[in-house]
Amino acid sequence: MRYSILLEDAEGVSYFEDRDVDLELKTFAPPAAAFHVSGEYEASRFVFLTLPAGWKGIPHRSPKRQLATVLSGTFRVQAGSGEVRDFTAGDLFWAEDITGTGHASSAEGGEPVNLMVTQF
């Protein structure tokens with residue numbers, strides 16, 4: 001399982017990095033058979049968001065460390081480095097750009113973007 005994470009360099013410019021989730025075979029929900037599970041992450045809350053079709057955001061920092069799960073639509077993110085990535089249903093986008101120049105995001109493809117955002 002892979003996800004993209006938005007980090008900041010020493011100058012505060014955000015950039016993308018791809019990471020794999022470390023999984024371990026263990027019993028998670030006994031008596032069900034064991035399956036692969038990641039380590040635990042403490043989260044404070046989650047919200048659902050809908051970006052209207054054609055919505056374009058201005059450059060901003062993430063309000064908190066957060067993980068967005070794209071439920072539908074095409075969610076475009078431009079890092080401060082200039083790199084642009086599109087995320088679609090099932091993609092995970094982890095944002096940790098909370099102090100630097102931030103990123104810009106938009107709803108592409110002529111349809112709304114539905115996200116579930118978990119904040120840490």
# chains A, B, ... in the order shown; residues from 1 in each chain; ligands from 1
>>> residues_around(residues="Glu24 in chain A", least_positions_apart="4", cutoff="8 Å", atoms="only C-alpha atoms", output="list of chain:residue names")
A:Phe35, A:His36, A:Val37, A:Ser38
>>> write_last_selection(atoms="N, CA, C and O atoms", output="PDB file, in the first residue's frame")
ATOM      1  N   PHE A  35      -4.506 -10.938   9.461  1.00  0.00           N
ATOM      2  CA  PHE A  35      -4.280 -10.257   8.189  1.00  0.00           C
ATOM      3  C   PHE A  35      -3.262  -9.152   8.417  1.00  0.00           C
ATOM      4  O   PHE A  35      -2.828  -8.916   9.542  1.00  0.00           O
ATOM      5  N   HIS A  36      -2.877  -8.470   7.342  1.00  0.00           N
ATOM      6  CA  HIS A  36      -1.824  -7.455   7.439  1.00  0.00           C
ATOM      7  C   HIS A  36      -2.387  -6.131   7.958  1.00  0.00           C
ATOM      8  O   HIS A  36      -3.373  -5.613   7.436  1.00  0.00           O
ATOM      9  N   VAL A  37      -1.709  -5.572   8.975  1.00  0.00           N
ATOM     10  CA  VAL A  37      -2.167  -4.368   9.655  1.00  0.00           C
ATOM     11  C   VAL A  37      -0.962  -3.443   9.849  1.00  0.00           C
ATOM     12  O   VAL A  37       0.138  -3.899  10.152  1.00  0.00           O
ATOM     13  N   SER A  38      -1.193  -2.149   9.710  1.00  0.00           N
ATOM     14  CA  SER A  38      -0.129  -1.167   9.961  1.00  0.00           C
ATOM     15  C   SER A  38      -0.021  -0.887  11.455  1.00  0.00           C
ATOM     16  O   SER A  38      -0.871  -1.303  12.242  1.00  0.00           O
TER      17      SER A  38
END
>>> closest_residue(among="A:Arg2, A:His103, A:Arg45, A:Arg19", to="Ser62 in chain A", atoms="only C-alpha atoms")
A:His103
>>> residues_around(residues="Ile98 in chain A", least_positions_apart="6", cutoff="7 Å", atoms="only C-alpha atoms", output="list in words")
Arg61, Ser62, Pro63, Lys64 and Arg65 of chain A
>>> residues_around(residues="Thr101 in chain A", least_positions_apart="4", cutoff="12 Å", atoms="only C-alpha atoms", output="MDAnalysis selection string")
chainID A and resid 6:15 58:62 78:82 96:97
>>> closest_residue(among="A:Ala89, A:Ile5, A:Val113, A:Val77", to="Thr50 in chain A", atoms="only C-alpha atoms")
A:Val113
>>> closest_residue(among="A:Lys26, A:Ala104, A:Ala95, A:Phe48", to="Val70 in chain A", atoms="only C-alpha atoms")
A:Phe48
>>> atom_distance(atom1="CA of Leu51 in chain A", atom2="CA of Phe87 in chain A")
13.4 Å
>>> closest_residue(among="A:Thr27, A:Ser4, A:Gln119, A:Thr74", to="Ser106 in chain A", atoms="only C-alpha atoms")
A:Thr74
>>> decode(residues="range 33-45 of chain A", atoms="N, CA, C and O atoms", output="PDB file, in the first residue's frame")
ATOM      1  N   ALA A  33      -9.371 -14.572  11.210  1.00  0.00           N
ATOM      2  CA  ALA A  33      -7.993 -14.956  10.888  1.00  0.00           C
ATOM      3  C   ALA A  33      -7.108 -13.714  10.794  1.00  0.00           C
ATOM      4  O   ALA A  33      -7.587 -12.608  10.524  1.00  0.00           O
ATOM      5  N   ALA A  34      -5.827 -13.905  11.017  1.00  0.00           N
ATOM      6  CA  ALA A  34      -4.863 -12.803  10.947  1.00  0.00           C
ATOM      7  C   ALA A  34      -4.819 -12.213   9.536  1.00  0.00           C
ATOM      8  O   ALA A  34      -5.069 -12.907   8.546  1.00  0.00           O
ATOM      9  N   PHE A  35      -4.506 -10.938   9.461  1.00  0.00           N
ATOM     10  CA  PHE A  35      -4.280 -10.257   8.189  1.00  0.00           C
ATOM     11  C   PHE A  35      -3.262  -9.152   8.417  1.00  0.00           C
ATOM     12  O   PHE A  35      -2.828  -8.916   9.542  1.00  0.00           O
ATOM     13  N   HIS A  36      -2.877  -8.470   7.342  1.00  0.00           N
ATOM     14  CA  HIS A  36      -1.824  -7.455   7.439  1.00  0.00           C
ATOM     15  C   HIS A  36      -2.387  -6.131   7.958  1.00  0.00           C
ATOM     16  O   HIS A  36      -3.373  -5.613   7.436  1.00  0.00           O
ATOM     17  N   VAL A  37      -1.709  -5.572   8.975  1.00  0.00           N
ATOM     18  CA  VAL A  37      -2.167  -4.368   9.655  1.00  0.00           C
ATOM     19  C   VAL A  37      -0.962  -3.443   9.849  1.00  0.00           C
ATOM     20  O   VAL A  37       0.138  -3.899  10.152  1.00  0.00           O
ATOM     21  N   SER A  38      -1.193  -2.149   9.710  1.00  0.00           N
ATOM     22  CA  SER A  38      -0.129  -1.167   9.961  1.00  0.00           C
ATOM     23  C   SER A  38      -0.021  -0.887  11.455  1.00  0.00           C
ATOM     24  O   SER A  38      -0.871  -1.303  12.242  1.00  0.00           O
ATOM     25  N   GLY A  39       0.994  -0.114  11.817  1.00  0.00           N
ATOM     26  CA  GLY A  39       1.072   0.407  13.170  1.00  0.00           C
ATOM     27  C   GLY A  39      -0.056   1.400  13.380  1.00  0.00           C
ATOM     28  O   GLY A  39      -0.700   1.848  12.430  1.00  0.00           O
ATOM     29  N   GLU A  40      -0.282   1.764  14.641  1.00  0.00           N
ATOM     30  CA  GLU A  40      -1.364   2.687  14.959  1.00  0.00           C
ATOM     31  C   GLU A  40      -0.888   4.133  14.863  1.00  0.00           C
ATOM     32  O   GLU A  40       0.256   4.444  15.156  1.00  0.00           O
ATOM     33  N   TYR A  41      -1.801   5.009  14.457  1.00  0.00           N
ATOM     34  CA  TYR A  41      -1.561   6.444  14.396  1.00  0.00           C
ATOM     35  C   TYR A  41      -2.608   7.110  15.271  1.00  0.00           C
ATOM     36  O   TYR A  41      -3.793   6.853  15.115  1.00  0.00           O
ATOM     37  N   GLU A  42      -2.182   7.956  16.176  1.00  0.00           N
ATOM     38  CA  GLU A  42      -3.124   8.707  17.003  1.00  0.00           C
ATOM     39  C   GLU A  42      -3.749   9.811  16.147  1.00  0.00           C
ATOM     40  O   GLU A  42      -3.036  10.557  15.486  1.00  0.00           O
ATOM     41  N   ALA A  43      -5.064   9.895  16.160  1.00  0.00           N
ATOM     42  CA  ALA A  43      -5.776  10.926  15.391  1.00  0.00           C
ATOM     43  C   ALA A  43      -6.684  11.702  16.334  1.00  0.00           C
ATOM     44  O   ALA A  43      -7.201  11.146  17.307  1.00  0.00           O
ATOM     45  N   SER A  44      -6.873  12.988  16.020  1.00  0.00           N
ATOM     46  CA  SER A  44      -7.718  13.805  16.885  1.00  0.00           C
ATOM     47  C   SER A  44      -9.156  13.909  16.380  1.00  0.00           C
ATOM     48  O   SER A  44     -10.077  14.053  17.167  1.00  0.00           O
ATOM     49  N   ARG A  45      -9.347  13.879  15.056  1.00  0.00           N
ATOM     50  CA  ARG A  45     -10.689  13.983  14.486  1.00  0.00           C
ATOM     51  C   ARG A  45     -10.634  13.703  12.993  1.00  0.00           C
ATOM     52  O   ARG A  45      -9.574  13.664  12.403  1.00  0.00           O
TER      53      ARG A  45
END
